[in-house]
Amino acid sequence: MPVSLILASTSPYRAALLSRLGLAFSVQAPGSAEDLLAGEAPPARALRLALAKAQAVAAAHPHAWVLGSDQVADCDGRILEKPGDADRCRKQLTACSGRSATFFTAVVLTRGEPATVSHHVDRTIVRFRSLTDAEIARYVQLDRPFDCAGGFRSEGLGVALFDGIDCCDPTALIGLPLIWVASALRKAGLDSLAANQP
C-alpha cells in the first residue's frame, strides 16, 4: 500500500508551506470544533486543536499519515484571533503596538493503523515597534490580513511592523514549522531528498 500524506487544514498558507518540501499530499478540511476552554494556556490550546484536526481526518483515512496544525497567539494575556475585518484588525494591532506577542504553533503527525502520533509546539516571539494610527490604518488597507492570527502577514508587508522576531523556525509564524515537519516526515518514511522518492 503506498504511503500517503494528508494535510488536515483549510489554510492556503499551510498548504503552500507544506508544498515547499516537494512531497505529494492531499488536503482535507478537518471539520473539528475550535472551542475555547476556560483557563486553557495558549500552547495547550494550540496542541489540543492541532491534535483534534489530525485525528478527525485520520479517523477516515487510517493508513495515511495526517498532519494537523494550529496557532494561538498571546499578547499580555490576551489571545490574538484572526480579526475577520478591518476594524478588528486595526484594534488588535493598536493593542500590540510597542509590545511583544508570543505565537504558539502546534503540529501533530499521526496515523491510525498502526497507531502513531508525534507532536511539537513551536514558540515565536514577535516584537512590535511603536506604531501610529496612520501606519496601522495604511498597513491594514494594503495587506488586508483579516484571516491571519495577530492581524498581519509576516511574509508580506507585515514585517514592517516589527522591531524583531525571535524564533527557531521562521516558517512557524506563517503557520507550519517546516523544520520539525520535515524531520517528522523523514522518520515516517516520507523524505523528498531520499533517492527512492519521486
# chains A, B, ... in the order shown; residues from 1 in each chain; ligands from 1
>>> residues_around(residues="range 7-20 of chain A", least_positions_apart="4", cutoff="8 Å", atoms="only C-alpha atoms", output="PDB file with N, CA and C atoms, in the first residue's frame")
ATOM      1  N   ALA A  24       4.216  14.747  -2.386  1.00  0.00           N
ATOM      2  CA  ALA A  24       2.816  14.698  -2.789  1.00  0.00           C
ATOM      3  C   ALA A  24       1.932  14.618  -1.541  1.00  0.00           C
ATOM      4  N   PHE A  25       0.894  15.423  -1.506  1.00  0.00           N
ATOM      5  CA  PHE A  25      -0.049  15.359  -0.389  1.00  0.00           C
ATOM      6  C   PHE A  25      -1.405  15.845  -0.867  1.00  0.00           C
ATOM      7  N   SER A  26      -2.422  15.452  -0.138  1.00  0.00           N
ATOM      8  CA  SER A  26      -3.766  15.960  -0.389  1.00  0.00           C
ATOM      9  C   SER A  26      -4.189  16.809   0.804  1.00  0.00           C
ATOM     10  N   VAL A  27      -5.244  17.569   0.621  1.00  0.00           N
ATOM     11  CA  VAL A  27      -5.738  18.472   1.658  1.00  0.00           C
ATOM     12  C   VAL A  27      -7.177  18.103   1.966  1.00  0.00           C
ATOM     13  N   GLN A  28      -7.498  18.044   3.243  1.00  0.00           N
ATOM     14  CA  GLN A  28      -8.875  17.760   3.645  1.00  0.00           C
ATOM     15  C   GLN A  28      -9.248  18.637   4.823  1.00  0.00           C
ATOM     16  N   ALA A  29     -10.420  19.244   4.754  1.00  0.00           N
ATOM     17  CA  ALA A  29     -10.914  20.055   5.869  1.00  0.00           C
ATOM     18  C   ALA A  29     -11.244  19.139   7.037  1.00  0.00           C
ATOM     19  N   PRO A  30     -10.717  19.444   8.236  1.00  0.00           N
ATOM     20  CA  PRO A  30     -10.948  18.533   9.364  1.00  0.00           C
ATOM     21  C   PRO A  30     -12.361  18.610   9.939  1.00  0.00           C
ATOM     22  N   LYS A  53      -7.727  18.243  14.865  1.00  0.00           N
ATOM     23  CA  LYS A  53      -7.774  18.301  13.394  1.00  0.00           C
ATOM     24  C   LYS A  53      -7.185  17.031  12.785  1.00  0.00           C
ATOM     25  N   ALA A  54      -6.002  16.661  13.260  1.00  0.00           N
ATOM     26  CA  ALA A  54      -5.335  15.481  12.710  1.00  0.00           C
ATOM     27  C   ALA A  54      -6.160  14.214  12.949  1.00  0.00           C
ATOM     28  N   VAL A  57      -9.356  13.767  10.639  1.00  0.00           N
ATOM     29  CA  VAL A  57      -9.086  13.279   9.284  1.00  0.00           C
ATOM     30  C   VAL A  57      -8.541  11.852   9.321  1.00  0.00           C
ATOM     31  N   VAL A  66      -1.318  11.834   8.623  1.00  0.00           N
ATOM     32  CA  VAL A  66      -2.129  13.051   8.641  1.00  0.00           C
ATOM     33  C   VAL A  66      -1.426  14.113   9.470  1.00  0.00           C
ATOM     34  N   LEU A  67      -1.340  15.297   8.904  1.00  0.00           N
ATOM     35  CA  LEU A  67      -0.677  16.425   9.543  1.00  0.00           C
ATOM     36  C   LEU A  67      -1.727  17.456   9.929  1.00  0.00           C
ATOM     37  N   GLY A  68      -1.778  17.793  11.219  1.00  0.00           N
ATOM     38  CA  GLY A  68      -2.695  18.833  11.694  1.00  0.00           C
ATOM     39  C   GLY A  68      -1.911  19.909  12.415  1.00  0.00           C
ATOM     40  N   SER A  69      -2.359  21.151  12.300  1.00  0.00           N
ATOM     41  CA  SER A  69      -1.633  22.256  12.929  1.00  0.00           C
ATOM     42  C   SER A  69      -2.607  23.328  13.390  1.00  0.00           C
ATOM     43  N   THR A 171       9.284  29.584   9.462  1.00  0.00           N
ATOM     44  CA  THR A 171       8.028  29.175   8.845  1.00  0.00           C
ATOM     45  C   THR A 171       6.914  28.967   9.872  1.00  0.00           C
ATOM     46  N   ILE A 174       4.277  31.681  10.021  1.00  0.00           N
ATOM     47  CA  ILE A 174       3.329  31.672   8.905  1.00  0.00           C
ATOM     48  C   ILE A 174       2.264  30.596   9.109  1.00  0.00           C
ATOM     49  N   GLY A 175       2.582  29.574   9.915  1.00  0.00           N
ATOM     50  CA  GLY A 175       1.548  28.601  10.247  1.00  0.00           C
ATOM     51  C   GLY A 175       1.941  27.146  10.296  1.00  0.00           C
ATOM     52  N   LEU A 176       3.195  26.810   9.892  1.00  0.00           N
ATOM     53  CA  LEU A 176       3.600  25.412   9.917  1.00  0.00           C
ATOM     54  C   LEU A 176       5.117  25.343  10.084  1.00  0.00           C
ATOM     55  N   LEU A 178       8.224  24.056   9.450  1.00  0.00           N
ATOM     56  CA  LEU A 178       8.691  23.073   8.478  1.00  0.00           C
ATOM     57  C   LEU A 178       9.931  22.312   8.913  1.00  0.00           C
TER      58      LEU A 178
END
>>> residues_around(residues="range 155-165 of chain A", least_positions_apart="2", cutoff="9 Å", atoms="only C-alpha atoms", output="PyMOL selection string")
chain A and resi 97-98+124-131+135-136+139+142-143+145+151-153+167+170+173-174
>>> write_last_selection(atoms="N, CA and C atoms", output="PDB file, in the first residue's frame")
ATOM      1  N   SER A  97       0.917  47.359  19.620  1.00  0.00           N
ATOM      2  CA  SER A  97       1.938  48.371  19.342  1.00  0.00           C
ATOM      3  C   SER A  97       2.888  48.547  20.522  1.00  0.00           C
ATOM      4  N   GLY A  98       4.198  48.455  20.266  1.00  0.00           N
ATOM      5  CA  GLY A  98       5.200  48.620  21.310  1.00  0.00           C
ATOM      6  C   GLY A  98       5.316  47.449  22.267  1.00  0.00           C
ATOM      7  N   THR A 124       7.340  31.412  18.977  1.00  0.00           N
ATOM      8  CA  THR A 124       7.921  32.546  18.269  1.00  0.00           C
ATOM      9  C   THR A 124       7.492  33.829  18.960  1.00  0.00           C
ATOM     10  N   ILE A 125       8.436  34.703  19.219  1.00  0.00           N
ATOM     11  CA  ILE A 125       8.123  35.993  19.839  1.00  0.00           C
ATOM     12  C   ILE A 125       8.267  37.092  18.788  1.00  0.00           C
ATOM     13  N   VAL A 126       7.211  37.850  18.611  1.00  0.00           N
ATOM     14  CA  VAL A 126       7.205  38.976  17.680  1.00  0.00           C
ATOM     15  C   VAL A 126       7.231  40.264  18.494  1.00  0.00           C
ATOM     16  N   ARG A 127       8.239  41.081  18.239  1.00  0.00           N
ATOM     17  CA  ARG A 127       8.358  42.368  18.933  1.00  0.00           C
ATOM     18  C   ARG A 127       7.891  43.481  17.998  1.00  0.00           C
ATOM     19  N   PHE A 128       6.721  44.033  18.328  1.00  0.00           N
ATOM     20  CA  PHE A 128       6.146  45.110  17.522  1.00  0.00           C
ATOM     21  C   PHE A 128       6.817  46.436  17.867  1.00  0.00           C
ATOM     22  N   ARG A 129       7.108  47.224  16.860  1.00  0.00           N
ATOM     23  CA  ARG A 129       7.588  48.573  17.125  1.00  0.00           C
ATOM     24  C   ARG A 129       6.393  49.447  17.501  1.00  0.00           C
ATOM     25  N   SER A 130       6.635  50.637  17.998  1.00  0.00           N
ATOM     26  CA  SER A 130       5.545  51.563  18.320  1.00  0.00           C
ATOM     27  C   SER A 130       4.956  52.083  17.015  1.00  0.00           C
ATOM     28  N   LEU A 131       3.680  51.833  16.835  1.00  0.00           N
ATOM     29  CA  LEU A 131       3.004  52.135  15.580  1.00  0.00           C
ATOM     30  C   LEU A 131       2.030  53.289  15.740  1.00  0.00           C
ATOM     31  N   GLU A 135      -0.091  54.541  10.455  1.00  0.00           N
ATOM     32  CA  GLU A 135       0.668  53.392   9.949  1.00  0.00           C
ATOM     33  C   GLU A 135      -0.177  52.123   9.988  1.00  0.00           C
ATOM     34  N   ILE A 136      -0.889  51.945  11.085  1.00  0.00           N
ATOM     35  CA  ILE A 136      -1.737  50.763  11.223  1.00  0.00           C
ATOM     36  C   ILE A 136      -2.835  50.777  10.170  1.00  0.00           C
ATOM     37  N   TYR A 139      -1.350  50.018   6.752  1.00  0.00           N
ATOM     38  CA  TYR A 139      -0.978  48.611   6.627  1.00  0.00           C
ATOM     39  C   TYR A 139      -2.218  47.747   6.391  1.00  0.00           C
ATOM     40  N   LEU A 142      -3.542  48.060   2.894  1.00  0.00           N
ATOM     41  CA  LEU A 142      -2.716  47.466   1.847  1.00  0.00           C
ATOM     42  C   LEU A 142      -2.662  45.946   1.897  1.00  0.00           C
ATOM     43  N   ASP A 143      -2.518  45.381   3.093  1.00  0.00           N
ATOM     44  CA  ASP A 143      -2.275  43.930   3.207  1.00  0.00           C
ATOM     45  C   ASP A 143      -3.542  43.121   3.479  1.00  0.00           C
ATOM     46  N   PRO A 145      -4.947  41.622   6.141  1.00  0.00           N
ATOM     47  CA  PRO A 145      -4.618  40.320   6.741  1.00  0.00           C
ATOM     48  C   PRO A 145      -5.705  39.799   7.683  1.00  0.00           C
ATOM     49  N   GLY A 151      -3.365  39.441  12.985  1.00  0.00           N
ATOM     50  CA  GLY A 151      -3.751  40.546  12.116  1.00  0.00           C
ATOM     51  C   GLY A 151      -2.618  41.074  11.254  1.00  0.00           C
ATOM     52  N   PHE A 152      -1.674  40.218  10.865  1.00  0.00           N
ATOM     53  CA  PHE A 152      -0.592  40.639   9.972  1.00  0.00           C
ATOM     54  C   PHE A 152      -0.082  39.433   9.199  1.00  0.00           C
ATOM     55  N   ARG A 153       0.621  39.719   8.106  1.00  0.00           N
ATOM     56  CA  ARG A 153       1.303  38.678   7.335  1.00  0.00           C
ATOM     57  C   ARG A 153       2.800  38.948   7.423  1.00  0.00           C
ATOM     58  N   CYS A 167      12.937  33.448  16.941  1.00  0.00           N
ATOM     59  CA  CYS A 167      12.383  32.139  16.602  1.00  0.00           C
ATOM     60  C   CYS A 167      13.483  31.151  16.259  1.00  0.00           C
ATOM     61  N   PRO A 170      11.513  30.125  11.051  1.00  0.00           N
ATOM     62  CA  PRO A 170      10.727  31.250  10.535  1.00  0.00           C
ATOM     63  C   PRO A 170       9.412  30.851   9.881  1.00  0.00           C
ATOM     64  N   LEU A 173       5.828  30.958  12.169  1.00  0.00           N
ATOM     65  CA  LEU A 173       4.983  32.142  12.310  1.00  0.00           C
ATOM     66  C   LEU A 173       3.948  32.213  11.191  1.00  0.00           C
ATOM     67  N   ILE A 174       4.277  31.681  10.021  1.00  0.00           N
ATOM     68  CA  ILE A 174       3.329  31.672   8.905  1.00  0.00           C
ATOM     69  C   ILE A 174       2.264  30.596   9.109  1.00  0.00           C
TER      70      ILE A 174
END
>>> select_by_dssp(residues="range 48-154 of chain A", states="alpha helix (DSSP H)", output="number ranges by chain")
A: 48-58, 86-96, 133-143
>>> write_last_selection(atoms="C-alpha atoms", output="mmCIF file, in the first residue's frame")
data_model
loop_
_atom_site.group_PDB
_atom_site.id
_atom_site.type_symbol
_atom_site.label_atom_id
_atom_site.label_comp_id
_atom_site.auth_asym_id
_atom_site.auth_seq_id
_atom_site.Cartn_x
_atom_site.Cartn_y
_atom_site.Cartn_z
ATOM 1 C CA ARG A 48 -5.329 20.361 21.528
ATOM 2 C CA LEU A 49 -6.738 21.884 18.344
ATOM 3 C CA ALA A 50 -3.924 20.542 16.149
ATOM 4 C CA LEU A 51 -4.498 17.049 17.552
ATOM 5 C CA ALA A 52 -8.266 17.308 17.043
ATOM 6 C CA LYS A 53 -7.774 18.301 13.394
ATOM 7 C CA ALA A 54 -5.335 15.481 12.710
ATOM 8 C CA GLN A 55 -7.456 12.850 14.468
ATOM 9 C CA ALA A 56 -10.646 13.940 12.688
ATOM 10 C CA VAL A 57 -9.086 13.279 9.284
ATOM 11 C CA ALA A 58 -7.104 10.210 10.390
ATOM 12 C CA ALA A 86 -10.503 45.908 9.064
ATOM 13 C CA ASP A 87 -11.857 47.450 12.262
ATOM 14 C CA ARG A 88 -10.918 44.494 14.474
ATOM 15 C CA CYS A 89 -7.567 44.233 12.717
ATOM 16 C CA ARG A 90 -6.731 47.878 13.472
ATOM 17 C CA LYS A 91 -7.767 47.480 17.111
ATOM 18 C CA GLN A 92 -5.704 44.331 17.540
ATOM 19 C CA LEU A 93 -2.584 45.902 16.033
ATOM 20 C CA THR A 94 -3.062 49.002 18.184
ATOM 21 C CA ALA A 95 -3.149 46.781 21.280
ATOM 22 C CA CYS A 96 0.122 45.135 20.157
ATOM 23 C CA ASP A 133 -2.703 55.034 13.981
ATOM 24 C CA ALA A 134 -1.933 56.151 10.433
ATOM 25 C CA GLU A 135 0.668 53.392 9.949
ATOM 26 C CA ILE A 136 -1.737 50.763 11.223
ATOM 27 C CA ALA A 137 -4.569 52.004 9.020
ATOM 28 C CA ARG A 138 -2.323 52.100 5.955
ATOM 29 C CA TYR A 139 -0.978 48.611 6.627
ATOM 30 C CA VAL A 140 -4.454 47.140 7.077
ATOM 31 C CA GLN A 141 -5.635 48.821 3.877
ATOM 32 C CA LEU A 142 -2.716 47.466 1.847
ATOM 33 C CA ASP A 143 -2.275 43.930 3.207
#
>>> closest_residue(among="A:His63, A:Leu47, A:Glu34, A:Asp147", to="Val121 in chain A", atoms="only C-alpha atoms")
A:Leu47
>>> closest_residue(among="A:Arg45, A:Arg111, A:Arg78, A:His119", to="Arg99 in chain A", atoms="only C-alpha atoms")
A:Arg78
>>> select_by_dssp(residues="range 78-141 of chain A", states="strand (DSSP E or B)", output="ChimeraX atom specification")
/A:78-80,100-111,116-128
>>> residues_around(residues="Ile79 in chain A", least_positions_apart="5", cutoff="9 Å", atoms="only C-alpha atoms", output="PyMOL selection string")
chain A and resi 42+72-74+150
>>> write_last_selection(atoms="N, CA and C atoms", output="mmCIF file, in the first residue's frame")
data_model
loop_
_atom_site.group_PDB
_atom_site.id
_atom_site.type_symbol
_atom_site.label_atom_id
_atom_site.label_comp_id
_atom_site.auth_asym_id
_atom_site.auth_seq_id
_atom_site.Cartn_x
_atom_site.Cartn_y
_atom_site.Cartn_z
ATOM 1 N N PRO A 42 -2.298 29.122 26.166
ATOM 2 C CA PRO A 42 -2.199 29.166 24.697
ATOM 3 C C PRO A 42 -1.491 27.973 24.063
ATOM 4 N N VAL A 72 -1.888 29.654 18.147
ATOM 5 C CA VAL A 72 -2.535 30.542 19.123
ATOM 6 C C VAL A 72 -1.517 31.609 19.501
ATOM 7 N N ALA A 73 -1.958 32.859 19.444
ATOM 8 C CA ALA A 73 -1.081 33.987 19.755
ATOM 9 C C ALA A 73 -1.568 34.701 21.003
ATOM 10 N N ASP A 74 -0.609 35.176 21.799
ATOM 11 C CA ASP A 74 -0.922 35.823 23.069
ATOM 12 C C ASP A 74 -0.121 37.121 23.179
ATOM 13 N N GLY A 150 -3.243 37.345 14.728
ATOM 14 C CA GLY A 150 -2.441 38.519 15.031
ATOM 15 C C GLY A 150 -2.761 39.706 14.153
#
>>> atom_distance(atom1="CA of Ala60 in chain A", atom2="CA of Leu5 in chain A")
13.0 Å
>>> atom_distance(atom1="CA of Leu80 in chain A", atom2="CA of Ala149 in chain A")
6.2 Å
>>> residues_around(residues="Gln71 in chain A", least_positions_apart="5", cutoff="8 Å", atoms="only C-alpha atoms", output="list of chain:residue names")
A:Ala46, A:Phe103, A:Phe104, A:Thr105, A:Ala106, A:Ala149, A:Gly175
>>> atom_distance(atom1="CA of Asp122 in chain A", atom2="CA of Arg144 in chain A")
25.5 Å
